[in-house]
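Peer 1: So here's entry.pdb (PDB, C-alpha atoms and all ligand atoms).
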ATOM      1  CA  MET A   1       0.000   0.000   0.000  1.00  0.00           C
ATOM      2  CA  ASN A   2       1.115   3.507  -0.824  1.00  0.00           C
ATOM      3  CA  ALA A   3       2.598   5.102   2.313  1.00  0.00           C
ATOM      4  CA  PHE A   4       0.581   8.268   1.873  1.00  0.00           C
ATOM      5  CA  ILE A   5      -2.743   6.423   1.730  1.00  0.00           C
ATOM      6  CA  LYS A   6      -1.676   4.304   4.645  1.00  0.00           C
ATOM      7  CA  LYS A   7      -0.983   7.444   6.669  1.00  0.00           C
ATOM      8  CA  ILE A   8      -4.409   8.902   5.862  1.00  0.00           C
ATOM      9  CA  GLN A   9      -6.131   5.671   6.848  1.00  0.00           C
ATOM     10  CA  THR A  10      -4.214   5.544  10.107  1.00  0.00           C
ATOM     11  CA  THR A  11      -5.187   9.126  10.848  1.00  0.00           C
ATOM     12  CA  LEU A  12      -8.848   8.398  10.132  1.00  0.00           C
ATOM     13  CA  ASN A  13      -8.759   5.363  12.374  1.00  0.00           C
ATOM     14  CA  ASP A  14      -7.171   7.387  15.150  1.00  0.00           C
ATOM     15  CA  ARG A  15      -9.673  10.216  14.941  1.00  0.00           C
ATOM     16  CA  GLY A  16     -12.965   8.572  14.224  1.00  0.00           C
ATOM     17  CA  TYR A  17     -14.302   5.232  15.380  1.00  0.00           C
ATOM     18  CA  GLY A  18     -16.648   4.189  12.616  1.00  0.00           C
ATOM     19  CA  PRO A  19     -19.339   6.858  12.359  1.00  0.00           C
ATOM     20  CA  THR A  20     -18.211   8.772  15.451  1.00  0.00           C
ATOM     21  CA  PRO A  21     -15.838  11.584  14.484  1.00  0.00           C
ATOM     22  CA  HIS A  22     -15.604  12.799  18.076  1.00  0.00           C
ATOM     23  CA  PHE A  23     -14.450   9.519  19.582  1.00  0.00           C
ATOM     24  CA  ALA A  24     -11.342   7.452  18.989  1.00  0.00           C
ATOM     25  CA  LYS A  25     -11.353   3.687  19.255  1.00  0.00           C
ATOM     26  CA  ALA A  26      -8.703   3.843  21.979  1.00  0.00           C
ATOM     27  CA  GLU A  27     -11.089   5.759  24.250  1.00  0.00           C
ATOM     28  CA  PHE A  28     -13.197   2.609  24.583  1.00  0.00           C
ATOM     29  CA  ALA A  29     -10.316   0.211  25.257  1.00  0.00           C
ATOM     30  CA  CYS A  30     -10.454  -1.999  28.332  1.00  0.00           C
ATOM     31  CA  ASP A  31      -8.398  -0.287  31.038  1.00  0.00           C
ATOM     32  CA  CYS A  32      -6.686  -3.451  32.283  1.00  0.00           C
ATOM     33  CA  GLN A  33      -3.749  -1.934  30.322  1.00  0.00           C
ATOM     34  CA  GLY A  34      -3.131  -5.147  28.436  1.00  0.00           C
ATOM     35  CA  ALA A  35      -2.863  -7.245  31.598  1.00  0.00           C
ATOM     36  CA  TYR A  36      -5.713  -9.602  30.706  1.00  0.00           C
ATOM     37  CA  CYS A  37      -6.777  -8.718  27.170  1.00  0.00           C
ATOM     38  CA  ASN A  38      -5.681  -6.778  24.089  1.00  0.00           C
ATOM     39  CA  GLY A  39      -7.992  -3.898  25.028  1.00  0.00           C
ATOM     40  CA  PHE A  40     -10.815  -4.952  22.751  1.00  0.00           C
ATOM     41  CA  PRO A  41     -12.489  -8.078  24.097  1.00  0.00           C
ATOM     42  CA  ALA A  42     -15.590  -7.166  22.052  1.00  0.00           C
ATOM     43  CA  ALA A  43     -16.604  -4.705  19.345  1.00  0.00           C
ATOM     44  CA  MET A  44     -18.346  -1.522  20.443  1.00  0.00           C
ATOM     45  CA  ASN A  45     -22.052  -1.557  19.633  1.00  0.00           C
ATOM     46  CA  LEU A  46     -22.827   0.677  16.662  1.00  0.00           C
ATOM     47  CA  GLY A  47     -26.100   1.969  18.137  1.00  0.00           C
ATOM     48  CA  LEU A  48     -24.305   3.001  21.312  1.00  0.00           C
ATOM     49  CA  LEU A  49     -21.571   4.802  19.363  1.00  0.00           C
ATOM     50  CA  LEU A  50     -24.166   6.718  17.334  1.00  0.00           C
ATOM     51  CA  LYS A  51     -26.009   7.772  20.481  1.00  0.00           C
ATOM     52  CA  LEU A  52     -22.770   8.850  22.174  1.00  0.00           C
ATOM     53  CA  GLU A  53     -21.957  10.948  19.116  1.00  0.00           C
ATOM     54  CA  ALA A  54     -25.471  12.471  19.270  1.00  0.00           C
ATOM     55  CA  LEU A  55     -24.978  13.189  22.974  1.00  0.00           C
ATOM     56  CA  ARG A  56     -21.665  14.882  22.303  1.00  0.00           C
ATOM     57  CA  ASN A  57     -23.287  17.013  19.608  1.00  0.00           C
ATOM     58  CA  ALA A  58     -26.315  17.867  21.782  1.00  0.00           C
ATOM     59  CA  LEU A  59     -24.003  19.041  24.567  1.00  0.00           C
ATOM     60  CA  ASN A  60     -21.760  20.810  22.087  1.00  0.00           C
ATOM     61  CA  ALA A  61     -18.884  19.969  24.405  1.00  0.00           C
ATOM     62  CA  PRO A  62     -16.284  17.227  24.762  1.00  0.00           C
ATOM     63  CA  VAL A  63     -17.419  13.962  26.334  1.00  0.00           C
ATOM     64  CA  ILE A  64     -14.837  11.974  28.268  1.00  0.00           C
ATOM     65  CA  ILE A  65     -15.193   8.181  28.339  1.00  0.00           C
ATOM     66  CA  THR A  66     -14.044   6.852  31.733  1.00  0.00           C
ATOM     67  CA  SER A  67     -14.872   3.211  31.000  1.00  0.00           C
ATOM     68  CA  GLY A  68     -15.788   1.515  27.753  1.00  0.00           C
ATOM     69  CA  LEU A  69     -15.027  -2.125  27.131  1.00  0.00           C
ATOM     70  CA  ARG A  70     -14.093  -4.445  29.987  1.00  0.00           C
ATOM     71  CA  CYS A  71     -12.732  -7.952  29.784  1.00  0.00           C
ATOM     72  CA  GLU A  72     -14.090 -10.485  32.253  1.00  0.00           C
ATOM     73  CA  ILE A  73     -11.243 -10.140  34.767  1.00  0.00           C
ATOM     74  CA  ARG A  74     -11.156  -6.337  34.666  1.00  0.00           C
ATOM     75  CA  ASN A  75     -14.925  -6.178  35.032  1.00  0.00           C
ATOM     76  CA  ALA A  76     -14.728  -8.315  38.178  1.00  0.00           C
ATOM     77  CA  GLU A  77     -11.860  -6.162  39.519  1.00  0.00           C
ATOM     78  CA  VAL A  78     -13.882  -2.956  39.286  1.00  0.00           C
ATOM     79  CA  GLY A  79     -16.922  -4.596  40.841  1.00  0.00           C
ATOM     80  CA  GLY A  80     -18.972  -4.748  37.644  1.00  0.00           C
ATOM     81  CA  ILE A  81     -21.897  -7.149  37.593  1.00  0.00           C
ATOM     82  CA  PRO A  82     -21.122 -10.410  35.693  1.00  0.00           C
ATOM     83  CA  GLY A  83     -23.576  -9.586  32.896  1.00  0.00           C
ATOM     84  CA  SER A  84     -22.310  -6.004  32.581  1.00  0.00           C
ATOM     85  CA  LYS A  85     -22.920  -4.457  29.187  1.00  0.00           C
ATOM     86  CA  HIS A  86     -19.351  -3.110  29.375  1.00  0.00           C
ATOM     87  CA  ARG A  87     -18.277  -6.677  28.545  1.00  0.00           C
ATOM     88  CA  ILE A  88     -20.115  -6.713  25.224  1.00  0.00           C
ATOM     89  CA  GLY A  89     -19.568  -3.152  24.022  1.00  0.00           C
ATOM     90  CA  GLN A  90     -23.051  -1.946  24.907  1.00  0.00           C
ATOM     91  CA  ALA A  91     -22.129   0.459  27.720  1.00  0.00           C
ATOM     92  CA  ALA A  92     -19.851   3.393  28.414  1.00  0.00           C
ATOM     93  CA  ASP A  93     -19.275   5.534  31.493  1.00  0.00           C
ATOM     94  CA  LEU A  94     -18.716   9.205  30.773  1.00  0.00           C
ATOM     95  CA  TYR A  95     -18.839  12.823  31.861  1.00  0.00           C
ATOM     96  CA  ALA A  96     -18.577  16.203  30.178  1.00  0.00           C
ATOM     97  CA  PRO A  97     -16.161  18.603  31.911  1.00  0.00           C
ATOM     98  CA  GLY A  98     -17.968  21.671  33.242  1.00  0.00           C
ATOM     99  CA  ILE A  99     -21.453  20.327  32.566  1.00  0.00           C
ATOM    100  CA  ASP A 100     -23.733  19.144  35.381  1.00  0.00           C
ATOM    101  CA  ILE A 101     -23.769  15.350  35.295  1.00  0.00           C
ATOM    102  CA  THR A 102     -27.548  15.237  35.856  1.00  0.00           C
ATOM    103  CA  ARG A 103     -27.980  17.302  32.698  1.00  0.00           C
ATOM    104  CA  VAL A 104     -25.695  14.966  30.779  1.00  0.00           C
ATOM    105  CA  ALA A 105     -27.780  12.024  32.017  1.00  0.00           C
ATOM    106  CA  SER A 106     -31.124  13.578  31.111  1.00  0.00           C
ATOM    107  CA  ILE A 107     -29.964  14.415  27.593  1.00  0.00           C
ATOM    108  CA  ALA A 108     -28.576  10.883  27.243  1.00  0.00           C
ATOM    109  CA  GLU A 109     -31.980   9.497  28.289  1.00  0.00           C
ATOM    110  CA  SER A 110     -33.746  11.758  25.800  1.00  0.00           C
ATOM    111  CA  LEU A 111     -31.542  10.259  23.071  1.00  0.00           C
ATOM    112  CA  GLY A 112     -32.668   6.751  23.977  1.00  0.00           C
ATOM    113  CA  LEU A 113     -29.810   5.679  26.224  1.00  0.00           C
ATOM    114  CA  THR A 114     -30.498   3.899  29.503  1.00  0.00           C
ATOM    115  CA  THR A 115     -28.505   5.618  32.232  1.00  0.00           C
ATOM    116  CA  ILE A 116     -27.348   5.045  35.782  1.00  0.00           C
ATOM    117  CA  LEU A 117     -26.215   8.222  37.493  1.00  0.00           C
ATOM    118  CA  TYR A 118     -23.171   8.001  39.765  1.00  0.00           C
ATOM    119  CA  LEU A 119     -23.510  11.423  41.340  1.00  0.00           C
ATOM    120  CA  GLU A 120     -20.729  11.123  43.914  1.00  0.00           C
ATOM    121  CA  GLN A 121     -18.245   9.732  41.424  1.00  0.00           C
ATOM    122  CA  GLY A 122     -19.336  12.306  38.858  1.00  0.00           C
ATOM    123  CA  PHE A 123     -20.064  10.094  35.900  1.00  0.00           C
ATOM    124  CA  VAL A 124     -23.030   8.535  34.169  1.00  0.00           C
ATOM    125  CA  HIS A 125     -23.262   4.942  32.942  1.00  0.00           C
ATOM    126  CA  CYS A 126     -24.935   4.836  29.519  1.00  0.00           C
ATOM    127  CA  GLU A 127     -26.085   1.665  27.822  1.00  0.00           C
ATOM    128  CA  VAL A 128     -28.221   0.457  24.926  1.00  0.00           C
TER
HETATM  129 ZN    ZN A 201      -8.941  -6.132  29.733  1.00  0.00          ZN
HETATM  130 ZN    ZN A 202     -20.819   1.607  33.467  1.00  0.00          ZN
END
Would you write the structure of this file as C-alpha cells?
Peer 2:
Amino acid sequence: MNAFIKKIQTTLNDRGYGPTPHFAKAEFACDCQGAYCNGFPAAMNLGLLLKLEALRNALNAPVIITSGLRCEIRNAEVGGIPGSKHRIGQAADLYAPGIDITRVASIAESLGLTTILYLEQGFVHCEV
C-alpha cells in the first residue's frame, strides 16, 4: 500500500471510530492496560456509538469516556456485575467537563440511552 494512503487511513482510524468523528477507538479500550486482554475483548455496539456521538453534539462539548469495554477479569476487579454491558460493548461511562452530570444524564436518556447516574463519582453509565 502507498505510504501516503496508509498514513491517511491511520489518521482516520485514530480520529474517528466508525461513524463517530468525536471519539477514537482507543477511548473505549479496556483499562486493564493489556494485563488480561488486548484492550478490545468485544466490538463496540454501533447503536451506542451513534447515540454517544449524538450526545456529544447535543451538549456541544467534549465527552470523556471513563470506561468503555471491559474484559471479564477487569470487570470483576472494578466490581462490575457479571452480565455487565461493558463486557459486550453496549455500555460506556462518561462525563462532560464543566457540565452538570444530571444534565448529561437527562440528555442521554432523551436520546434513547439507559442511564445510571453516579452522582458522587461524577459520571453517568450509559447503555443500549
Ligand atoms: Zn482487559
Ligand atoms: Zn458503566
Peer 1: Quick check, in Å to one decimal: how far apart do atom CA of A:Thr114 and atom CA of A:Met44 lie?
Peer 2: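 Going from atom CA of A:Thr114 over to atom CA of A:Met44 covers 16.1 Å.
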Peer 1: Nearest to A:Leu119: which of A:Ala42, A:Ile107, A:Cys32, A:Leu94 is it, counting all atoms listed in the file?
Peer 2: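 Closest to A:Leu119, using all atoms listed in the file: A:Leu94.
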Peer 1: Rank nothing, just name the residue among A:Val124, A:Leu50, A:Ala43, A:Ala61 nearest to ligand ZN 202 (chain A), using all atoms listed in the file.
Peer 2: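 Closest residue, counting all atoms listed in the file: A:Val124.
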Peer 1: Dump the neighbourhood of ligand ZN 202 (chain A) as a list in words: all residues within 8 Å, distances computed on all atoms listed in the file.
Peer 2: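 Result of the 8 Å neighbour search around ligand ZN 202 (chain A): Ser67, Gly68, Gly80, Ser84, Lys85, His86, Ala91, Ala92, Asp93, Ile116, Val124, His125, Cys126 and Glu127 of chain A.
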Peer 1: Would you tabulate, counting all atoms listed in the file, all residues of chain A that have an atom at most 12 Å from an atom of ligand ZN 201 (chain A), showing the closest pair of atoms and their distance in Å to one decimal, sorted by chain then ascending number, as a Markdown table?
Peer 2:
| residue | atom | partner | partner_atom | distance |
| --- | --- | --- | --- | --- |
| A:Phe28 | CA | A:ZN201 | ZN | 11.0 |
| A:Ala29 | CA | A:ZN201 | ZN | 7.9 |
| A:Cys30 | CA | A:ZN201 | ZN | 4.6 |
| A:Asp31 | CA | A:ZN201 | ZN | 6.0 |
| A:Cys32 | CA | A:ZN201 | ZN | 4.3 |
| A:Gln33 | CA | A:ZN201 | ZN | 6.7 |
| A:Gly34 | CA | A:ZN201 | ZN | 6.0 |
| A:Ala35 | CA | A:ZN201 | ZN | 6.5 |
| A:Tyr36 | CA | A:ZN201 | ZN | 4.8 |
| A:Cys37 | CA | A:ZN201 | ZN | 4.2 |
| A:Asn38 | CA | A:ZN201 | ZN | 6.5 |
| A:Gly39 | CA | A:ZN201 | ZN | 5.3 |
| A:Phe40 | CA | A:ZN201 | ZN | 7.3 |
| A:Pro41 | CA | A:ZN201 | ZN | 6.9 |
| A:Ala42 | CA | A:ZN201 | ZN | 10.2 |
| A:Ser67 | CA | A:ZN201 | ZN | 11.1 |
| A:Gly68 | CA | A:ZN201 | ZN | 10.5 |
| A:Leu69 | CA | A:ZN201 | ZN | 7.7 |
| A:Arg70 | CA | A:ZN201 | ZN | 5.4 |
| A:Cys71 | CA | A:ZN201 | ZN | 4.2 |
| A:Glu72 | CA | A:ZN201 | ZN | 7.2 |
| A:Ile73 | CA | A:ZN201 | ZN | 6.8 |
| A:Arg74 | CA | A:ZN201 | ZN | 5.4 |
| A:Asn75 | CA | A:ZN201 | ZN | 8.0 |
| A:Ala76 | CA | A:ZN201 | ZN | 10.5 |
| A:Glu77 | CA | A:ZN201 | ZN | 10.2 |
| A:Val78 | CA | A:ZN201 | ZN | 11.2 |
| A:His86 | CA | A:ZN201 | ZN | 10.8 |
| A:Arg87 | CA | A:ZN201 | ZN | 9.4 |
Peer 1: The PyMOL selection byres (((chain A and resi 111) around 9) and not hetatm) - which residues does that actually catch in the file I just gave you? List them as a PyMOL selection string.
Peer 2: chain A and resi 51-52+54-55+106-110+112-113
Peer 1: Rounded to one decimal, what separation in Å do you get between atom CA of A:Ile64 and atom CA of A:Ile88?
Peer 2: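 So the two atoms, atom CA of A:Ile64 and atom CA of A:Ile88, lie 19.7 Å apart.
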Peer 1: Just need the box for stretch 107-119 of chain A, edges along x, y and z, holding every atom the file lists for it with 5 Å tacked onto each side, so centre and edge lengths in Å to one decimal, as lines of an AutoDock Vina configuration file.
Peer 2:
center_x = -28.5
center_y = 9.2
center_z = 32.2
size_x = 20.6
size_y = 20.5
size_z = 28.3
Peer 1: Suppose you want the space between atom CA of A:Ala96 and atom CA of A:Val128; what is it in Å?
Peer 2: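 Rounded to one decimal, the two atoms are 19.2 Å apart.
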Peer 1: So which one's closest to A:Thr102, A:Leu117, A:Leu46, A:Ile81, A:Val63? Using only C-alpha atoms, please.
Peer 2: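 Of the candidates, the smallest distance to A:Thr102 is held by A:Leu117.
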Peer 1: For each of A:Glu120, A:Asn60, A:Gly83, A:Ile65, take the minimum atom-to-atom distance to A:Ile99, counting only C-alpha atoms, then give the residue where this is smallest.
Peer 2: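 Closest candidate: A:Asn60.
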Peer 1: From the options A:Thr115, A:Ala105, A:Pro82, A:Thr66, which residue's atoms come nearest to A:Ala26, counting all atoms listed in the file?
Peer 2: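 Ranking A:Thr115, A:Ala105, A:Pro82, A:Thr66 by distance to A:Ala26, first place goes to A:Thr66.
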Peer 1: Using all atoms listed in the file, which residue out of A:Asn45, A:Tyr118, A:Phe123, A:Pro21 lies closest to A:Tyr95?
Peer 2: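 Of A:Asn45, A:Tyr118, A:Phe123, A:Pro21, the one nearest A:Tyr95 is A:Phe123, counting all atoms listed in the file.
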Peer 1: Please return stretch 85-117 of chain A, rebuilt to N, CA and C atoms, as a PDB file, in the coordinates of the input.
Peer 2:
ATOM      1  N   LYS A  85     -22.947  -4.772  30.614  1.00  0.00           N
ATOM      2  CA  LYS A  85     -22.920  -4.457  29.187  1.00  0.00           C
ATOM      3  C   LYS A  85     -21.574  -3.880  28.754  1.00  0.00           C
ATOM      4  N   HIS A  86     -20.715  -3.529  29.723  1.00  0.00           N
ATOM      5  CA  HIS A  86     -19.351  -3.110  29.375  1.00  0.00           C
ATOM      6  C   HIS A  86     -18.598  -4.282  28.733  1.00  0.00           C
ATOM      7  N   ARG A  87     -18.988  -5.512  29.063  1.00  0.00           N
ATOM      8  CA  ARG A  87     -18.277  -6.677  28.545  1.00  0.00           C
ATOM      9  C   ARG A  87     -18.580  -6.921  27.080  1.00  0.00           C
ATOM     10  N   ILE A  88     -19.727  -6.424  26.606  1.00  0.00           N
ATOM     11  CA  ILE A  88     -20.115  -6.713  25.224  1.00  0.00           C
ATOM     12  C   ILE A  88     -20.226  -5.451  24.371  1.00  0.00           C
ATOM     13  N   GLY A  89     -19.608  -4.364  24.841  1.00  0.00           N
ATOM     14  CA  GLY A  89     -19.568  -3.152  24.022  1.00  0.00           C
ATOM     15  C   GLY A  89     -20.872  -2.385  23.965  1.00  0.00           C
ATOM     16  N   GLN A  90     -21.762  -2.642  24.926  1.00  0.00           N
ATOM     17  CA  GLN A  90     -23.051  -1.946  24.907  1.00  0.00           C
ATOM     18  C   GLN A  90     -23.186  -0.927  26.027  1.00  0.00           C
ATOM     19  N   ALA A  91     -22.069  -0.538  26.654  1.00  0.00           N
ATOM     20  CA  ALA A  91     -22.129   0.459  27.720  1.00  0.00           C
ATOM     21  C   ALA A  91     -20.860   1.293  27.746  1.00  0.00           C
ATOM     22  N   ALA A  92     -21.006   2.524  28.208  1.00  0.00           N
ATOM     23  CA  ALA A  92     -19.851   3.393  28.414  1.00  0.00           C
ATOM     24  C   ALA A  92     -20.158   4.325  29.583  1.00  0.00           C
ATOM     25  N   ASP A  93     -19.154   4.563  30.415  1.00  0.00           N
ATOM     26  CA  ASP A  93     -19.275   5.534  31.493  1.00  0.00           C
ATOM     27  C   ASP A  93     -18.622   6.816  31.010  1.00  0.00           C
ATOM     28  N   LEU A  94     -19.231   7.951  31.328  1.00  0.00           N
ATOM     29  CA  LEU A  94     -18.716   9.205  30.773  1.00  0.00           C
ATOM     30  C   LEU A  94     -19.102  10.416  31.602  1.00  0.00           C
ATOM     31  N   TYR A  95     -18.450  11.526  31.312  1.00  0.00           N
ATOM     32  CA  TYR A  95     -18.839  12.823  31.861  1.00  0.00           C
ATOM     33  C   TYR A  95     -18.417  13.881  30.855  1.00  0.00           C
ATOM     34  N   ALA A  96     -18.956  15.080  31.039  1.00  0.00           N
ATOM     35  CA  ALA A  96     -18.577  16.203  30.178  1.00  0.00           C
ATOM     36  C   ALA A  96     -18.049  17.296  31.101  1.00  0.00           C
ATOM     37  N   PRO A  97     -16.756  17.606  31.007  1.00  0.00           N
ATOM     38  CA  PRO A  97     -16.161  18.603  31.911  1.00  0.00           C
ATOM     39  C   PRO A  97     -16.943  19.916  31.913  1.00  0.00           C
ATOM     40  N   GLY A  98     -17.288  20.383  33.118  1.00  0.00           N
ATOM     41  CA  GLY A  98     -17.968  21.671  33.242  1.00  0.00           C
ATOM     42  C   GLY A  98     -19.473  21.621  33.068  1.00  0.00           C
ATOM     43  N   ILE A  99     -20.002  20.438  32.751  1.00  0.00           N
ATOM     44  CA  ILE A  99     -21.453  20.327  32.566  1.00  0.00           C
ATOM     45  C   ILE A  99     -22.026  19.421  33.657  1.00  0.00           C
ATOM     46  N   ASP A 100     -23.096  19.896  34.308  1.00  0.00           N
ATOM     47  CA  ASP A 100     -23.733  19.144  35.381  1.00  0.00           C
ATOM     48  C   ASP A 100     -24.043  17.718  34.906  1.00  0.00           C
ATOM     49  N   ILE A 101     -23.635  16.752  35.709  1.00  0.00           N
ATOM     50  CA  ILE A 101     -23.769  15.350  35.295  1.00  0.00           C
ATOM     51  C   ILE A 101     -25.239  14.941  35.175  1.00  0.00           C
ATOM     52  N   THR A 102     -26.119  15.567  35.971  1.00  0.00           N
ATOM     53  CA  THR A 102     -27.548  15.237  35.856  1.00  0.00           C
ATOM     54  C   THR A 102     -28.103  15.716  34.514  1.00  0.00           C
ATOM     55  N   ARG A 103     -27.551  16.807  34.007  1.00  0.00           N
ATOM     56  CA  ARG A 103     -27.980  17.302  32.698  1.00  0.00           C
ATOM     57  C   ARG A 103     -27.480  16.365  31.594  1.00  0.00           C
ATOM     58  N   VAL A 104     -26.246  15.916  31.744  1.00  0.00           N
ATOM     59  CA  VAL A 104     -25.695  14.966  30.779  1.00  0.00           C
ATOM     60  C   VAL A 104     -26.571  13.719  30.740  1.00  0.00           C
ATOM     61  N   ALA A 105     -26.960  13.235  31.935  1.00  0.00           N
ATOM     62  CA  ALA A 105     -27.780  12.024  32.017  1.00  0.00           C
ATOM     63  C   ALA A 105     -29.151  12.232  31.388  1.00  0.00           C
ATOM     64  N   SER A 106     -29.770  13.394  31.647  1.00  0.00           N
ATOM     65  CA  SER A 106     -31.124  13.578  31.111  1.00  0.00           C
ATOM     66  C   SER A 106     -31.096  13.717  29.595  1.00  0.00           C
ATOM     67  N   ILE A 107     -30.065  14.331  29.057  1.00  0.00           N
ATOM     68  CA  ILE A 107     -29.964  14.415  27.593  1.00  0.00           C
ATOM     69  C   ILE A 107     -29.697  13.027  27.012  1.00  0.00           C
ATOM     70  N   ALA A 108     -28.852  12.250  27.700  1.00  0.00           N
ATOM     71  CA  ALA A 108     -28.576  10.883  27.243  1.00  0.00           C
ATOM     72  C   ALA A 108     -29.867  10.071  27.202  1.00  0.00           C
ATOM     73  N   GLU A 109     -30.695  10.212  28.243  1.00  0.00           N
ATOM     74  CA  GLU A 109     -31.980   9.497  28.289  1.00  0.00           C
ATOM     75  C   GLU A 109     -32.876   9.939  27.136  1.00  0.00           C
ATOM     76  N   SER A 110     -32.877  11.249  26.865  1.00  0.00           N
ATOM     77  CA  SER A 110     -33.746  11.758  25.800  1.00  0.00           C
ATOM     78  C   SER A 110     -33.316  11.238  24.431  1.00  0.00           C
ATOM     79  N   LEU A 111     -32.053  10.795  24.335  1.00  0.00           N
ATOM     80  CA  LEU A 111     -31.542  10.259  23.071  1.00  0.00           C
ATOM     81  C   LEU A 111     -31.720   8.741  22.999  1.00  0.00           C
ATOM     82  N   GLY A 112     -32.371   8.184  24.018  1.00  0.00           N
ATOM     83  CA  GLY A 112     -32.668   6.751  23.977  1.00  0.00           C
ATOM     84  C   GLY A 112     -31.680   5.872  24.706  1.00  0.00           C
ATOM     85  N   LEU A 113     -30.752   6.478  25.442  1.00  0.00           N
ATOM     86  CA  LEU A 113     -29.810   5.679  26.224  1.00  0.00           C
ATOM     87  C   LEU A 113     -30.417   5.378  27.593  1.00  0.00           C
ATOM     88  N   THR A 114     -30.108   4.221  28.137  1.00  0.00           N
ATOM     89  CA  THR A 114     -30.498   3.899  29.503  1.00  0.00           C
ATOM     90  C   THR A 114     -29.334   4.315  30.382  1.00  0.00           C
ATOM     91  N   THR A 115     -29.607   5.074  31.445  1.00  0.00           N
ATOM     92  CA  THR A 115     -28.505   5.618  32.232  1.00  0.00           C
ATOM     93  C   THR A 115     -28.586   5.216  33.700  1.00  0.00           C
ATOM     94  N   ILE A 116     -27.444   5.169  34.327  1.00  0.00           N
ATOM     95  CA  ILE A 116     -27.348   5.045  35.782  1.00  0.00           C
ATOM     96  C   ILE A 116     -26.426   6.179  36.214  1.00  0.00           C
ATOM     97  N   LEU A 117     -26.965   7.044  37.070  1.00  0.00           N
ATOM     98  CA  LEU A 117     -26.215   8.222  37.493  1.00  0.00           C
ATOM     99  C   LEU A 117     -25.361   7.908  38.722  1.00  0.00           C
TER     100      LEU A 117
END
